[in-house]
$ cat start-v4.cif   # mmCIF, C-alpha atoms
data_input
loop_
_atom_site.label_atom_id
_atom_site.label_comp_id
_atom_site.auth_asym_id
_atom_site.auth_seq_id
_atom_site.Cartn_x
_atom_site.Cartn_y
_atom_site.Cartn_z
CA MET A 26 85.42 8.48 44.30
CA LYS A 27 84.06 5.03 45.09
CA THR A 28 80.40 4.19 44.73
CA ASN A 29 79.38 1.17 46.77
CA LEU A 30 76.81 -1.43 45.84
CA LYS A 31 74.30 -0.19 48.44
CA GLN A 32 74.20 3.27 46.85
CA ILE A 33 73.68 1.80 43.39
CA ALA A 34 70.84 -0.41 44.64
CA GLY A 35 69.21 2.54 46.41
CA LEU A 36 69.34 4.68 43.27
CA ALA A 37 67.86 1.84 41.22
CA LEU A 38 64.98 1.32 43.65
CA MET A 39 64.26 5.06 43.70
CA THR A 40 64.14 5.14 39.89
CA VAL A 41 61.71 2.22 39.77
CA PHE A 42 59.52 3.82 42.46
CA ILE A 43 59.32 7.14 40.60
CA SER A 44 58.62 5.37 37.30
CA CYS A 45 55.77 3.33 38.81
CA ASN A 46 54.19 6.38 40.39
CA SER A 47 54.38 8.22 37.08
CA ASP A 48 52.69 5.31 35.28
CA ASP A 49 49.94 5.11 37.91
CA ASP A 50 49.19 8.81 37.51
CA ASN A 51 49.05 8.57 33.74
CA ASN A 52 46.67 5.60 33.90
CA GLY A 53 44.47 7.21 36.55
CA ASN A 54 43.00 10.68 36.83
CA ASN A 55 45.39 12.13 34.26
CA ASN A 56 43.81 10.00 31.53
CA PRO A 57 40.05 10.64 31.68
CA PRO A 58 37.76 9.54 28.81
CA GLN A 59 38.37 11.71 25.75
CA GLN A 60 35.07 11.26 23.90
CA THR A 61 31.94 13.25 24.68
CA ILE A 62 28.54 11.62 25.01
CA ALA A 63 27.62 12.80 21.50
CA GLU A 64 30.85 11.34 20.10
CA ILE A 65 30.22 8.00 21.82
CA ALA A 66 26.73 7.87 20.31
CA SER A 67 28.00 8.66 16.81
CA GLY A 68 30.75 6.07 17.13
CA THR A 69 28.52 3.24 18.37
CA ALA A 70 26.94 1.11 15.65
CA ASN A 71 23.60 0.46 17.33
CA LEU A 72 23.10 4.11 18.37
CA SER A 73 22.99 5.57 14.84
CA MET A 74 19.30 6.49 15.07
CA LEU A 75 19.94 8.27 18.35
CA THR A 76 22.65 10.29 16.60
CA ASP A 77 20.25 11.17 13.79
CA ALA A 78 17.55 12.12 16.31
CA LEU A 79 19.94 14.37 18.25
CA GLU A 80 20.90 16.18 15.07
CA ARG A 81 17.26 16.63 13.99
CA ALA A 82 16.30 17.96 17.42
CA ASN A 83 19.37 20.24 17.50
CA LEU A 84 20.59 18.60 20.72
CA THR A 85 24.00 17.31 19.62
CA ALA A 86 25.74 20.35 21.13
CA THR A 87 23.99 19.71 24.45
CA LEU A 88 25.65 16.28 24.67
CA ASP A 89 28.94 17.52 23.24
CA GLY A 90 29.80 20.08 25.91
CA THR A 91 31.44 20.00 29.32
CA THR A 92 28.35 19.85 31.55
CA GLN A 93 28.24 16.50 33.31
CA LEU A 94 25.20 14.44 32.29
CA THR A 95 23.74 10.96 32.57
CA VAL A 96 22.22 9.78 29.30
CA PHE A 97 20.03 6.71 28.84
CA ALA A 98 20.71 5.92 25.19
CA PRO A 99 18.07 3.93 23.21
CA THR A 100 19.35 1.47 20.64
CA ASP A 101 18.35 1.45 16.97
CA ALA A 102 15.96 -1.42 17.73
CA ALA A 103 14.36 0.68 20.47
CA PHE A 104 13.88 3.60 18.09
CA THR A 105 12.44 1.32 15.42
CA SER A 106 9.82 0.04 17.90
CA PHE A 107 9.05 3.62 19.00
CA LEU A 108 8.52 4.79 15.43
CA GLN A 109 6.29 1.84 14.57
CA ALA A 110 4.21 2.19 17.74
CA ASN A 111 3.58 5.88 17.07
CA GLY A 112 2.96 5.65 13.33
CA PHE A 113 6.12 7.46 12.18
CA ALA A 114 7.86 6.30 9.00
CA ASN A 115 11.28 7.47 10.21
CA ILE A 116 13.02 9.92 12.53
CA ASP A 117 12.38 12.80 10.13
CA ALA A 118 8.64 12.21 10.42
CA VAL A 119 8.64 12.95 14.17
CA PRO A 120 7.80 16.61 14.86
CA VAL A 121 10.92 18.36 16.10
CA ASN A 122 9.28 19.69 19.27
CA VAL A 123 8.04 16.20 20.18
CA LEU A 124 11.38 14.57 19.37
CA LYS A 125 13.27 17.12 21.45
CA GLU A 126 11.24 16.51 24.59
CA VAL A 127 11.39 12.73 24.18
CA LEU A 128 15.19 12.88 23.86
CA LEU A 129 15.54 15.23 26.84
CA ASN A 130 13.49 12.71 28.82
CA HIS A 131 16.56 10.43 28.56
CA VAL A 132 18.94 13.00 30.07
CA VAL A 133 19.55 13.61 33.78
CA ALA A 134 21.82 16.33 35.16
CA GLY A 135 25.06 15.12 36.74
CA GLU A 136 26.95 11.88 36.32
CA SER A 137 25.39 8.80 37.90
CA THR A 138 26.95 5.40 37.32
CA ALA A 139 24.81 2.29 37.71
CA THR A 140 25.98 1.78 41.29
CA GLN A 141 25.18 5.39 42.14
CA LEU A 142 21.60 5.10 40.94
CA THR A 143 19.11 4.28 43.69
CA THR A 144 15.43 3.35 43.65
CA GLY A 145 13.34 6.49 43.56
CA TYR A 146 12.59 9.55 41.47
CA VAL A 147 14.98 11.70 39.48
CA LYS A 148 14.27 14.70 37.27
CA THR A 149 14.96 14.53 33.56
CA MET A 150 15.62 17.57 31.37
CA ALA A 151 12.23 17.21 29.62
CA LYS A 152 8.97 19.04 30.21
CA GLY A 153 5.48 17.78 29.43
CA GLY A 154 2.31 19.68 28.73
CA ALA A 155 1.25 20.04 32.37
CA SER A 156 3.95 22.39 33.64
CA ALA A 157 6.25 24.90 32.01
CA THR A 158 8.57 25.00 35.03
CA ASN A 159 8.63 21.57 36.67
CA ASN A 160 10.65 18.99 34.74
CA LEU A 161 9.33 15.48 34.25
CA SER A 162 10.10 12.84 36.85
CA MET A 163 11.59 9.42 36.10
CA PHE A 164 11.19 6.43 38.40
CA VAL A 165 14.41 4.44 38.74
CA ASN A 166 14.07 0.90 40.06
CA THR A 167 17.37 -0.79 40.93
CA SER A 168 15.84 -4.10 41.98
CA GLY A 169 17.33 -6.61 39.53
CA GLY A 170 19.29 -4.21 37.34
CA VAL A 171 18.21 -0.68 36.43
CA THR A 172 14.65 -0.24 35.14
CA LEU A 173 13.27 3.17 34.16
CA ASN A 174 9.59 4.09 34.40
CA GLY A 175 8.55 0.45 34.68
CA GLY A 176 10.31 -0.92 31.60
CA THR A 177 9.22 -1.25 27.98
CA ALA A 178 5.78 -2.67 28.91
CA ASN A 179 5.05 0.71 30.52
CA SER A 180 6.71 2.87 27.84
CA GLY A 181 9.94 2.89 29.84
CA ALA A 182 13.21 1.01 29.43
CA LYS A 183 15.82 -1.20 31.06
CA VAL A 184 19.56 -0.61 31.08
CA THR A 185 21.28 -3.27 28.98
CA THR A 186 24.82 -1.83 28.97
CA ALA A 187 25.84 0.39 31.86
CA ASP A 188 28.64 2.85 32.55
CA VAL A 189 30.02 3.84 29.17
CA GLN A 190 32.24 6.64 30.42
CA ALA A 191 32.44 9.94 28.57
CA SER A 192 34.39 13.14 29.14
CA ASN A 193 31.15 14.89 30.08
CA GLY A 194 29.33 12.16 31.99
CA VAL A 195 28.16 8.62 31.47
CA VAL A 196 26.02 6.70 28.97
CA HIS A 197 23.74 3.80 29.86
CA ILE A 198 22.42 1.96 26.80
CA VAL A 199 18.72 1.05 27.15
CA ASP A 200 16.27 -1.22 25.33
CA GLY A 201 13.43 1.26 24.88
CA VAL A 202 12.62 4.84 24.01
CA ILE A 203 11.29 6.33 27.25
CA ALA A 204 8.01 8.08 26.48
CA LEU A 205 6.87 11.18 28.33
CA PRO A 206 5.14 9.51 31.31
CA THR A 207 1.49 10.06 32.15
CA VAL A 208 0.09 9.95 35.68
CA VAL A 209 -0.83 6.31 35.01
CA ASN A 210 2.68 5.43 33.78
CA HIS A 211 4.10 6.79 37.02
CA ALA A 212 1.59 4.86 39.14
CA ILE A 213 2.42 1.61 37.33
CA ALA A 214 6.18 2.20 37.49
CA ASN A 215 6.34 2.50 41.27
CA PRO A 216 5.77 -0.85 43.03
CA ASP A 217 4.53 1.01 46.11
CA PHE A 218 1.44 2.07 44.14
CA SER A 219 0.55 -1.46 42.99
CA VAL A 220 -2.64 -1.68 45.09
CA LEU A 221 -3.75 1.74 43.84
CA VAL A 222 -3.30 0.46 40.28
CA GLN A 223 -5.35 -2.62 41.13
CA ALA A 224 -8.11 -0.38 42.47
CA LEU A 225 -8.07 1.93 39.44
CA THR A 226 -8.27 -1.01 37.04
CA ARG A 227 -10.83 -3.15 38.90
CA ASP A 228 -13.36 -4.49 36.39
CA ASP A 229 -16.36 -2.72 37.93
CA GLN A 230 -14.74 0.71 37.93
CA PRO A 231 -14.82 3.47 35.29
CA ASP A 232 -11.89 3.56 32.87
CA PHE A 233 -9.70 5.46 35.31
CA ALA A 234 -6.54 4.32 33.53
CA GLY A 235 -7.83 5.77 30.27
CA ILE A 236 -9.01 8.99 31.89
CA LEU A 237 -5.75 9.61 33.76
CA SER A 238 -3.68 8.74 30.69
CA GLY A 239 -5.42 11.36 28.57
CA THR A 240 -5.61 15.12 28.33
CA ALA A 241 -9.36 15.73 28.75
CA ASN A 242 -9.87 17.52 32.11
CA SER A 243 -6.10 17.56 32.55
CA PRO A 244 -3.78 18.42 34.09
CA PHE A 245 -4.54 16.12 36.99
CA THR A 246 -3.20 16.31 40.50
CA VAL A 247 -3.41 12.90 42.16
CA PHE A 248 -2.92 12.35 45.87
CA ALA A 249 -1.84 8.72 45.61
CA PRO A 250 -2.13 6.35 48.60
CA ASN A 251 0.73 3.88 48.92
CA ASN A 252 0.27 0.16 49.53
CA ALA A 253 0.50 0.53 53.31
CA ALA A 254 -2.32 3.07 53.16
CA PHE A 255 -4.63 0.54 51.51
CA THR A 256 -3.66 -2.17 53.99
CA SER A 257 -4.55 0.20 56.81
CA LEU A 258 -7.87 1.11 55.18
CA LEU A 259 -8.95 -2.50 54.80
CA SER A 260 -8.18 -3.08 58.48
CA GLU A 261 -10.06 0.08 59.43
CA LEU A 262 -13.13 -1.03 57.46
CA SER A 263 -12.82 -4.67 58.61
CA LEU A 264 -12.53 -5.90 55.03
CA SER A 265 -10.40 -8.85 53.99
CA GLY A 266 -9.31 -7.49 50.61
CA LEU A 267 -9.73 -4.86 47.92
CA ALA A 268 -12.41 -6.98 46.22
CA ASP A 269 -14.64 -6.53 49.28
CA VAL A 270 -14.88 -2.75 48.86
CA PRO A 271 -18.32 -1.96 47.35
CA GLN A 272 -18.24 -0.62 43.79
CA ALA A 273 -19.78 2.79 44.53
CA THR A 274 -17.59 3.26 47.61
CA LEU A 275 -14.42 2.50 45.70
CA GLU A 276 -15.35 4.71 42.75
CA LYS A 277 -16.13 7.75 44.85
CA THR A 278 -13.10 7.16 47.06
CA LEU A 279 -10.76 6.99 44.07
CA LYS A 280 -12.27 10.15 42.55
CA TYR A 281 -11.76 11.86 45.92
CA HIS A 282 -7.99 11.60 45.38
CA VAL A 283 -8.02 13.40 42.02
CA VAL A 284 -8.08 17.11 41.26
CA THR A 285 -8.87 18.00 37.65
CA GLY A 286 -7.69 20.99 35.64
CA ALA A 287 -4.74 21.79 37.90
CA ASN A 288 -1.08 20.82 38.18
CA VAL A 289 -0.62 21.64 41.87
CA LEU A 290 2.99 21.73 43.07
CA ALA A 291 3.78 21.26 46.75
CA SER A 292 4.78 24.92 46.84
CA GLY A 293 1.21 25.79 45.84
CA LEU A 294 -0.31 24.11 48.91
CA THR A 295 -1.21 26.55 51.68
CA GLU A 296 -2.37 26.23 55.28
CA GLY A 297 -6.15 25.74 55.47
CA MET A 298 -6.49 25.43 51.69
CA THR A 299 -9.73 23.74 50.59
CA VAL A 300 -9.25 21.42 47.63
CA ALA A 301 -12.21 20.49 45.42
CA THR A 302 -11.93 17.00 43.96
CA PHE A 303 -13.21 14.93 41.04
CA SER A 304 -15.76 13.26 43.35
CA GLY A 305 -17.48 16.55 44.14
CA ASP A 306 -16.23 16.51 47.74
CA SER A 307 -13.36 18.55 49.16
CA PHE A 308 -10.59 18.15 51.72
CA THR A 309 -8.35 20.53 53.64
CA ILE A 310 -4.59 21.06 53.49
CA GLY A 311 -2.50 21.56 56.61
CA LEU A 312 1.20 22.41 56.76
CA THR A 313 2.02 22.43 60.48
CA GLY A 314 4.49 19.64 61.20
CA GLY A 315 4.69 18.77 57.49
CA PRO A 316 2.11 18.76 54.69
CA LYS A 317 -1.03 16.77 55.40
CA ILE A 318 -4.65 16.34 54.36
CA THR A 319 -7.74 16.26 56.55
CA ASP A 320 -10.54 14.42 54.75
CA PHE A 321 -14.34 14.73 55.07
CA ASN A 322 -14.29 12.36 58.06
CA SER A 323 -11.55 14.33 59.89
CA ARG A 324 -9.01 11.61 59.19
CA VAL A 325 -5.49 12.91 58.62
CA SER A 326 -3.11 11.68 55.92
CA ASN A 327 0.51 12.78 55.61
CA ILE A 328 1.87 13.80 52.22
CA ILE A 329 5.06 11.74 52.13
CA ALA A 330 6.39 12.46 48.61
CA THR A 331 5.71 15.47 46.43
CA ASP A 332 6.00 16.81 42.91
CA VAL A 333 6.22 13.61 40.88
CA GLN A 334 5.71 15.30 37.54
CA ALA A 335 3.95 13.58 34.65
CA SER A 336 3.25 14.89 31.17
CA ASN A 337 -0.42 15.35 32.05
CA GLY A 338 -0.28 16.07 35.74
CA MET A 339 1.23 15.59 39.15
CA ILE A 340 1.39 12.91 41.85
CA HIS A 341 1.83 13.45 45.57
CA ALA A 342 2.10 10.26 47.63
CA ILE A 343 0.09 9.95 50.85
CA ASP A 344 0.13 7.43 53.71
CA LYS A 345 -3.62 7.08 54.33
CA VAL A 346 -6.55 6.57 51.95
CA LEU A 347 -8.87 9.60 52.03
CA LEU A 348 -12.55 8.89 52.61
CA PRO A 349 -15.24 11.22 51.21
CA ASP A 350 -18.86 11.62 52.28
CA LEU A 351 -20.10 8.08 51.59
#

$ encode --input "start-v4.cif" --output "structure tokens"
Amino acid sequence: MKTNLKQIAGLALMTVFISCNSDDDNNGNNNPPQQTIAEIASGTANLSMLTDALERANLTATLDGTTQLTVFAPTDAAFTSFLQANGFANIDAVPVNVLKEVLLNHVVAGESTATQLTTGYVKTMAKGGASATNNLSMFVNTSGGVTLNGGTANSGAKVTTADVQASNGVVHIVDGVIALPTVVNHAIANPDFSVLVQALTRDDQPDFAGILSGTANSPFTVFAPNNAAFTSLLSELSLSGLADVPQATLEKTLKYHVVTGANVLASGLTEGMTVATFSGDSFTIGLTGGPKITDFNSRVSNIIATDVQASNGMIHAIDKVLLPDL
């Protein structure tokens, strides 16, 4: 039987087509990364201290499984700085319970590549001393790269190498060990609280930064006004800037936003609840139409973000500065 040239050409083209499709499949989803996050860490030269820390904290298995995770991996240089800053001679000198929580503060559930990360809060797998149930929050800032909890100047970190793919998630190498954030760390990390930070650290004010970074009278629940709230307040009071707010007025106003000795989750707020504050005054919670606060002067502020967990307390963001009995 004769076989013409057109049939031969057709068979050849079909063979090439099948071969190309087979190659594409093998180079695509059929060939996912083979190494786990733990294996990547142990095989990366500048992550040797992370590997040692994971073993000491008994967390290697957590990063060696099948659960998809995002891990922000501190370099050896980052660990060296962390140890020096906290007075530890080496990894073995860090108490295991402390080391475990610090490491878990670098782990987020699910896989998030650098392009999937957005500015805002995520939950890590760590817990601080303020809550046994609510995991710590991390502020991710994607403006100009990926910065975590305000960068190394604020005990956070910046991603230096992104998207190291693993079989069980993704690794982002970072330049700092991310400490368990305090209420103050969270306020500094979020650019939308920059005016609040300026108010808390004004020269004529008490050491609010020191107080809210510590554990005395903690846990704290802070109802934190955003920048727009302060702009609105200055307009309401016909003041040109934060510096024009009288010392005593600013001090009492700032204390009015702080609750001491309580880590109050949004789920713990109830309709008509009276909240006693650090200033000695109280305000009232409302839930109709969304959570809100009515202050001493019957002014209403909306609670626009909730449950930002710190190691020593909680932040809820509000859109109007509360005014006490002045």

$ resolve_selection --input "start-v4.cif" --expression "the PyMOL selection byres ((chain A and resi 271-287) around 6)" --output "JSON, numbers by chain"
{"A": [242, 243, 244, 245, 246, 247, 248, 270, 288, 289, 302, 303, 304, 348]}

$ resolve_selection --input "start-v4.cif" --expression "the PyMOL selection byres ((chain A and resi 135) around 8)" --output "PDB file with C-alpha atoms, in the coordinates of the input"
ATOM      1  CA  THR A  92      28.350  19.850  31.550  1.00  0.00           C
ATOM      2  CA  GLN A  93      28.240  16.500  33.310  1.00  0.00           C
ATOM      3  CA  LEU A  94      25.200  14.440  32.290  1.00  0.00           C
ATOM      4  CA  THR A  95      23.740  10.960  32.570  1.00  0.00           C
ATOM      5  CA  VAL A 133      19.550  13.610  33.780  1.00  0.00           C
ATOM      6  CA  ALA A 134      21.820  16.330  35.160  1.00  0.00           C
ATOM      7  CA  GLU A 136      26.950  11.880  36.320  1.00  0.00           C
ATOM      8  CA  SER A 137      25.390   8.800  37.900  1.00  0.00           C
ATOM      9  CA  GLY A 194      29.330  12.160  31.990  1.00  0.00           C
TER      10      GLY A 194
END

$ resolve_selection --input "start-v4.cif" --expression "the PyMOL selection byres ((chain A and resi 328) around 9)" --output "list in words"
Phe248, Gly315, Pro316, Lys317, Ile318, Ser326, Asn327, Ile329, Ala330, Thr331, His341, Ala342, Ile343, Asp344 and Lys345 of chain A

$ residues_near_point --input "start-v4.cif" --point "(25.2, 18.2, 26.1)" --cutoff "10 Å" --atoms "all atoms listed in the file" --output "list in words"
Thr61, Ile62, Ala63, Leu84, Thr85, Ala86, Thr87, Leu88, Asp89, Gly90, Thr91, Thr92, Gln93, Leu94, Thr95, Val96, Val132, Ala134, Asn193 and Gly194 of chain A

$ closest_residue --input "start-v4.cif" --among "A:Pro99, A:Leu221, A:Pro206, A:Glu64" --to "Thr185 (chain A)" --atoms "only C-alpha atoms"
A:Pro99

$ atom_distance --input "start-v4.cif" --atom1 "CA of Asn174 (chain A)" --atom2 "CA of Asp117 (chain A)"
25.9 Å

$ closest_residue --input "start-v4.cif" --among "A:Ala78, A:Leu258, A:Ala204, A:Ala212" --to "Asn130 (chain A)" --atoms "all atoms listed in the file"
A:Ala204

$ residues_around --input "start-v4.cif" --residues "Met163 (chain A)" --least-positions-apart "5" --cutoff "7 Å" --atoms "all atoms listed in the file" --output "list in words"
Tyr146, Val147, Lys148, Thr149, Leu173 and Asn174 of chain A

$ closest_residue --input "start-v4.cif" --among "A:Ala224, A:Ala110, A:Val196, A:Leu142" --to "Thr69 (chain A)" --atoms "all atoms listed in the file"
A:Val196

$ closest_residue --input "start-v4.cif" --among "A:Ala66, A:Val165, A:Val171, A:Val199" --to "Ala102 (chain A)" --atoms "all atoms listed in the file"
A:Val199

$ closest_residue --input "start-v4.cif" --among "A:Thr172, A:Ser260, A:Thr100, A:Asn159" --to "Val333 (chain A)" --atoms "only C-alpha atoms"
A:Asn159

$ closest_residue --input "start-v4.cif" --among "A:Asp232, A:Glu80, A:Asp188, A:Asp320" --to "Ser67 (chain A)" --atoms "all atoms listed in the file"
A:Glu80

$ atom_distance --input "start-v4.cif" --atom1 "CA of Gly239 (chain A)" --atom2 "CA of Leu161 (chain A)"
16.3 Å

$ atom_distance --input "start-v4.cif" --atom1 "CA of Asp229 (chain A)" --atom2 "CA of Gly266 (chain A)"
15.3 Å

$ residues_near_point --input "start-v4.cif" --point "(6.1, 3.2, 35.9)" --cutoff "8 Å" --atoms "all atoms listed in the file" --output "count of residues only"
15

$ residues_around --input "start-v4.cif" --residues "Lys152 (chain A)" --least-positions-apart "3" --cutoff "12 Å" --atoms "all atoms listed in the file" --output "PyMOL selection string"
chain A and resi 122-132+148-149+155-163+204-207+334-338

$ build_atoms --input "start-v4.cif" --residues "region 110-137 of chain A" --atoms "N, CA and C atoms" --output "mmCIF file, keeping the file's coordinate frame"
data_model
loop_
_atom_site.group_PDB
_atom_site.id
_atom_site.type_symbol
_atom_site.label_atom_id
_atom_site.label_comp_id
_atom_site.auth_asym_id
_atom_site.auth_seq_id
_atom_site.Cartn_x
_atom_site.Cartn_y
_atom_site.Cartn_z
ATOM 1 N N ALA A 110 5.314 2.071 16.777
ATOM 2 C CA ALA A 110 4.210 2.190 17.740
ATOM 3 C C ALA A 110 3.476 3.519 17.610
ATOM 4 N N ASN A 111 4.177 4.551 17.148
ATOM 5 C CA ASN A 111 3.580 5.880 17.070
ATOM 6 C C ASN A 111 3.242 6.314 15.643
ATOM 7 N N GLY A 112 3.379 5.380 14.688
ATOM 8 C CA GLY A 112 2.960 5.650 13.330
ATOM 9 C C GLY A 112 3.871 6.588 12.548
ATOM 10 N N PHE A 113 5.158 6.630 12.916
ATOM 11 C CA PHE A 113 6.120 7.460 12.180
ATOM 12 C C PHE A 113 6.925 6.592 11.223
ATOM 13 N N ALA A 114 7.101 7.073 9.996
ATOM 14 C CA ALA A 114 7.860 6.300 9.000
ATOM 15 C C ALA A 114 9.341 6.268 9.315
ATOM 16 N N ASN A 115 9.860 7.366 9.878
ATOM 17 C CA ASN A 115 11.280 7.470 10.210
ATOM 18 C C ASN A 115 11.477 8.614 11.191
ATOM 19 N N ILE A 116 12.716 8.852 11.568
ATOM 20 C CA ILE A 116 13.020 9.920 12.530
ATOM 21 C C ILE A 116 12.566 11.277 12.012
ATOM 22 N N ASP A 117 12.735 11.499 10.713
ATOM 23 C CA ASP A 117 12.380 12.800 10.130
ATOM 24 C C ASP A 117 10.882 13.072 10.172
ATOM 25 N N ALA A 118 10.093 12.024 10.370
ATOM 26 C CA ALA A 118 8.640 12.210 10.420
ATOM 27 C C ALA A 118 8.159 12.650 11.806
ATOM 28 N N VAL A 119 9.022 12.540 12.805
ATOM 29 C CA VAL A 119 8.640 12.950 14.170
ATOM 30 C C VAL A 119 8.750 14.466 14.271
ATOM 31 N N PRO A 120 7.694 15.157 14.694
ATOM 32 C CA PRO A 120 7.800 16.610 14.860
ATOM 33 C C PRO A 120 8.966 16.972 15.770
ATOM 34 N N VAL A 121 9.695 18.008 15.384
ATOM 35 C CA VAL A 121 10.920 18.360 16.100
ATOM 36 C C VAL A 121 10.655 18.644 17.571
ATOM 37 N N ASN A 122 9.559 19.357 17.869
ATOM 38 C CA ASN A 122 9.280 19.690 19.270
ATOM 39 C C ASN A 122 8.989 18.442 20.098
ATOM 40 N N VAL A 123 8.322 17.460 19.495
ATOM 41 C CA VAL A 123 8.040 16.200 20.180
ATOM 42 C C VAL A 123 9.335 15.416 20.380
ATOM 43 N N LEU A 124 10.122 15.320 19.317
ATOM 44 C CA LEU A 124 11.380 14.570 19.370
ATOM 45 C C LEU A 124 12.321 15.161 20.419
ATOM 46 N N LYS A 125 12.375 16.471 20.486
ATOM 47 C CA LYS A 125 13.270 17.120 21.450
ATOM 48 C C LYS A 125 12.917 16.754 22.878
ATOM 49 N N GLU A 126 11.641 16.827 23.220
ATOM 50 C CA GLU A 126 11.240 16.510 24.590
ATOM 51 C C GLU A 126 11.449 15.041 24.917
ATOM 52 N N VAL A 127 11.176 14.163 23.953
ATOM 53 C CA VAL A 127 11.390 12.730 24.180
ATOM 54 C C VAL A 127 12.872 12.463 24.442
ATOM 55 N N LEU A 128 13.744 13.080 23.659
ATOM 56 C CA LEU A 128 15.190 12.880 23.860
ATOM 57 C C LEU A 128 15.638 13.452 25.204
ATOM 58 N N LEU A 129 15.158 14.632 25.555
ATOM 59 C CA LEU A 129 15.540 15.230 26.840
ATOM 60 C C LEU A 129 15.037 14.402 28.019
ATOM 61 N N ASN A 130 13.999 13.591 27.768
ATOM 62 C CA ASN A 130 13.490 12.710 28.820
ATOM 63 C C ASN A 130 14.444 11.548 29.109
ATOM 64 N N HIS A 131 15.524 11.446 28.338
ATOM 65 C CA HIS A 131 16.560 10.430 28.560
ATOM 66 C C HIS A 131 17.811 11.022 29.201
ATOM 67 N N VAL A 132 17.752 12.297 29.572
ATOM 68 C CA VAL A 132 18.940 13.000 30.070
ATOM 69 C C VAL A 132 18.676 13.492 31.493
ATOM 70 N N VAL A 133 19.623 13.183 32.383
ATOM 71 C CA VAL A 133 19.550 13.610 33.780
ATOM 72 C C VAL A 133 20.815 14.407 34.096
ATOM 73 N N ALA A 134 20.670 15.495 34.804
ATOM 74 C CA ALA A 134 21.820 16.330 35.160
ATOM 75 C C ALA A 134 22.758 15.588 36.101
ATOM 76 N N GLY A 135 24.060 15.763 35.897
ATOM 77 C CA GLY A 135 25.060 15.120 36.740
ATOM 78 C C GLY A 135 25.390 13.728 36.268
ATOM 79 N N GLU A 136 26.537 13.232 36.699
ATOM 80 C CA GLU A 136 26.950 11.880 36.320
ATOM 81 C C GLU A 136 26.542 10.878 37.381
ATOM 82 N N SER A 137 25.794 9.870 36.982
ATOM 83 C CA SER A 137 25.390 8.800 37.900
ATOM 84 C C SER A 137 25.685 7.457 37.248
#
